[in-house]
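Containing PDB, C-alpha atoms, pLDDT in the B column: upload20.pdb.
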```
MODEL        1
ATOM      1  CA  MET J  19       6.741 -54.858 -14.600  1.00 63.00           C
ATOM      2  CA  THR J  20       9.849 -53.775 -12.792  1.00 79.00           C
ATOM      3  CA  LEU J  21      10.071 -51.068 -10.198  1.00 75.00           C
ATOM      4  CA  HIS J  22      12.081 -48.849 -12.549  1.00 74.00           C
ATOM      5  CA  ARG J  23       9.392 -48.989 -15.244  1.00 78.00           C
ATOM      6  CA  ARG J  24       6.643 -48.225 -12.761  1.00 79.00           C
ATOM      7  CA  LEU J  25       8.623 -45.268 -11.476  1.00 78.00           C
ATOM      8  CA  ALA J  26       9.302 -44.076 -15.025  1.00 80.00           C
ATOM      9  CA  TYR J  27       5.599 -44.289 -15.948  1.00 77.00           C
ATOM     10  CA  ALA J  28       4.659 -42.421 -12.790  1.00 82.00           C
ATOM     11  CA  VAL J  29       7.136 -39.639 -13.550  1.00 80.00           C
ATOM     12  CA  ILE J  30       5.991 -39.436 -17.176  1.00 81.00           C
ATOM     13  CA  GLY J  31       2.362 -39.285 -16.054  1.00 77.00           C
ATOM     14  CA  MET J  32       3.057 -36.470 -13.596  1.00 75.00           C
ATOM     15  CA  LEU J  33       5.017 -34.494 -16.180  1.00 74.00           C
ATOM     16  CA  ALA J  34       2.300 -34.954 -18.796  1.00 74.00           C
ATOM     17  CA  SER J  35      -0.418 -33.797 -16.414  1.00 72.00           C
ATOM     18  CA  GLN J  36       1.592 -30.713 -15.489  1.00 71.00           C
ATOM     19  CA  LEU J  37       2.276 -29.868 -19.129  1.00 64.00           C
ATOM     20  CA  VAL J  38      -1.425 -30.083 -19.914  1.00 61.00           C
ATOM     21  CA  ALA J  39      -2.252 -27.814 -16.980  1.00 60.00           C
ATOM     22  CA  CYS J  40       0.402 -25.271 -17.975  1.00 59.00           C
ATOM     23  CA  SER J  41      -0.579 -25.165 -21.632  1.00 53.00           C
ATOM     24  CA  ALA J  42      -3.940 -23.524 -20.937  1.00 56.00           C
ATOM     25  CA  ASN J  43      -3.455 -19.825 -21.680  1.00 63.00           C
ATOM     26  CA  PRO J  44      -6.156 -17.701 -20.083  1.00 64.00           C
ATOM     27  CA  GLU J  45      -6.974 -14.600 -22.048  1.00 68.00           C
ATOM     28  CA  PRO J  46      -5.761 -11.432 -20.357  1.00 72.00           C
ATOM     29  CA  ALA J  47      -8.349  -8.924 -19.258  1.00 71.00           C
ATOM     30  CA  PRO J  48      -8.685  -5.980 -21.615  1.00 73.00           C
ATOM     31  CA  ALA J  49      -6.718  -2.953 -20.469  1.00 72.00           C
ATOM     32  CA  PRO J  50      -8.873  -0.027 -19.342  1.00 67.00           C
ATOM     33  CA  ALA J  51      -8.853   3.061 -21.463  1.00 71.00           C
ATOM     34  CA  PRO J  52      -6.452   5.859 -20.457  1.00 77.00           C
ATOM     35  CA  GLU J  53      -9.397   8.033 -19.391  1.00 78.00           C
ATOM     36  CA  GLN J  54     -10.382   5.396 -16.863  1.00 75.00           C
ATOM     37  CA  HIS J  55      -6.827   5.405 -15.537  1.00 83.00           C
ATOM     38  CA  GLN J  56      -6.963   9.152 -15.016  1.00 88.00           C
ATOM     39  CA  GLU J  57     -10.318   8.974 -13.250  1.00 87.00           C
ATOM     40  CA  LEU J  58      -9.039   6.245 -10.960  1.00 88.00           C
ATOM     41  CA  ARG J  59      -5.829   8.154 -10.220  1.00 90.00           C
ATOM     42  CA  ARG J  60      -7.835  11.270  -9.412  1.00 91.00           C
ATOM     43  CA  ALA J  61     -10.235   9.328  -7.209  1.00 92.00           C
ATOM     44  CA  ILE J  62      -7.290   7.926  -5.271  1.00 92.00           C
ATOM     45  CA  GLN J  63      -5.109  11.033  -5.227  1.00 94.00           C
ATOM     46  CA  GLU J  64      -7.705  13.643  -4.182  1.00 95.00           C
ATOM     47  CA  PRO J  65      -8.278  12.238  -0.675  1.00 95.00           C
ATOM     48  CA  ILE J  66      -4.524  11.849  -0.215  1.00 95.00           C
ATOM     49  CA  ASP J  67      -3.963  15.487  -1.187  1.00 95.00           C
ATOM     50  CA  LYS J  68      -6.723  16.631   1.170  1.00 95.00           C
ATOM     51  CA  ALA J  69      -5.210  14.623   4.001  1.00 96.00           C
ATOM     52  CA  ARG J  70      -1.767  16.085   3.364  1.00 95.00           C
ATOM     53  CA  ALA J  71      -3.197  19.612   3.346  1.00 95.00           C
ATOM     54  CA  ALA J  72      -5.061  18.959   6.596  1.00 96.00           C
ATOM     55  CA  GLU J  73      -1.910  17.509   8.148  1.00 95.00           C
ATOM     56  CA  ALA J  74       0.122  20.568   7.136  1.00 95.00           C
ATOM     57  CA  GLN J  75      -2.524  22.860   8.598  1.00 96.00           C
ATOM     58  CA  LEU J  76      -2.583  20.903  11.870  1.00 96.00           C
ATOM     59  CA  GLN J  77       1.194  21.021  12.102  1.00 96.00           C
ATOM     60  CA  GLU J  78       1.154  24.795  11.621  1.00 95.00           C
ATOM     61  CA  GLN J  79      -1.505  25.158  14.325  1.00 96.00           C
ATOM     62  CA  GLN J  80       0.444  22.910  16.678  1.00 95.00           C
ATOM     63  CA  LYS J  81       3.601  24.943  16.085  1.00 95.00           C
ATOM     64  CA  ALA J  82       1.766  28.224  16.794  1.00 95.00           C
ATOM     65  CA  LEU J  83       0.226  26.762  19.954  1.00 95.00           C
ATOM     66  CA  GLN J  84       3.615  25.541  21.153  1.00 95.00           C
ATOM     67  CA  GLN J  85       5.055  29.030  20.595  1.00 94.00           C
ATOM     68  CA  GLN J  86       2.239  30.527  22.689  1.00 94.00           C
ATOM     69  CA  ILE J  87       2.923  28.007  25.451  1.00 91.00           C
ATOM     70  CA  ASP J  88       6.642  28.789  25.382  1.00 91.00           C
ATOM     71  CA  GLN J  89       5.974  32.539  25.550  1.00 92.00           C
ATOM     72  CA  ALA J  90       3.577  32.103  28.460  1.00 90.00           C
ATOM     73  CA  GLN J  91       6.126  30.012  30.333  1.00 88.00           C
ATOM     74  CA  GLU J  92       8.824  32.638  29.774  1.00 87.00           C
ATOM     75  CA  GLN J  93       6.562  35.417  31.088  1.00 89.00           C
ATOM     76  CA  ALA J  94       5.268  33.498  34.071  1.00 80.00           C
ATOM     77  CA  PRO J  95       6.852  34.338  37.419  1.00 82.00           C
ATOM     78  CA  PRO J  96       9.079  31.673  38.914  1.00 79.00           C
ATOM     79  CA  PRO J  97       7.321  29.279  41.272  1.00 78.00           C
ATOM     80  CA  THR J  98       7.508  30.103  44.957  1.00 80.00           C
ATOM     81  CA  GLU J  99       8.188  27.544  47.585  1.00 77.00           C
ATOM     82  CA  PRO J 100       5.619  27.259  50.402  1.00 70.00           C
TER      83      PRO J 100
ENDMDL
END
```

When written as structure tokens, how does the structure in this file appear?
Amino acid sequence: MTLHRRLAYAVIGMLASQLVACSANPEPAPAPAPEQHQELRRAIQEPIDKARAAEAQLQEQQKALQQQIDQAQEQAPPPTEP
């Protein structure tokens, strides 16, 4: 057998094995019902919404605190040198 034939058989064997492997079609998983989608979305979205609300509240508190600090600094007497 010549080298070309051996190479051709090897290539044909590899292609055949890959075609067999690719031809297996796994069945797709059944899609969940729309109600399940909504429950999952709610379960994911509720904590995100709570976190955003808490973040907004903290930002408002931080802004109010910074305003108090600024007012106190404006009202404080200038520092004296010893």

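Taking atom CA of J:Ala94 and atom CA of J:Gln79 as endpoints, the distance between them is 22.5 Å.
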
Take atom CA of J:Gln89 and atom CA of J:Gln75 and report the distance between them in Å, one decimal.
-> 21.3 Å

Report the distance between atom CA of J:Ile62 and atom CA of J:Ala74 in Å, rounded to one decimal place.
->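 If I compute the distance from atom CA of J:Ile62 to atom CA of J:Ala74, I get 19.2 Å.
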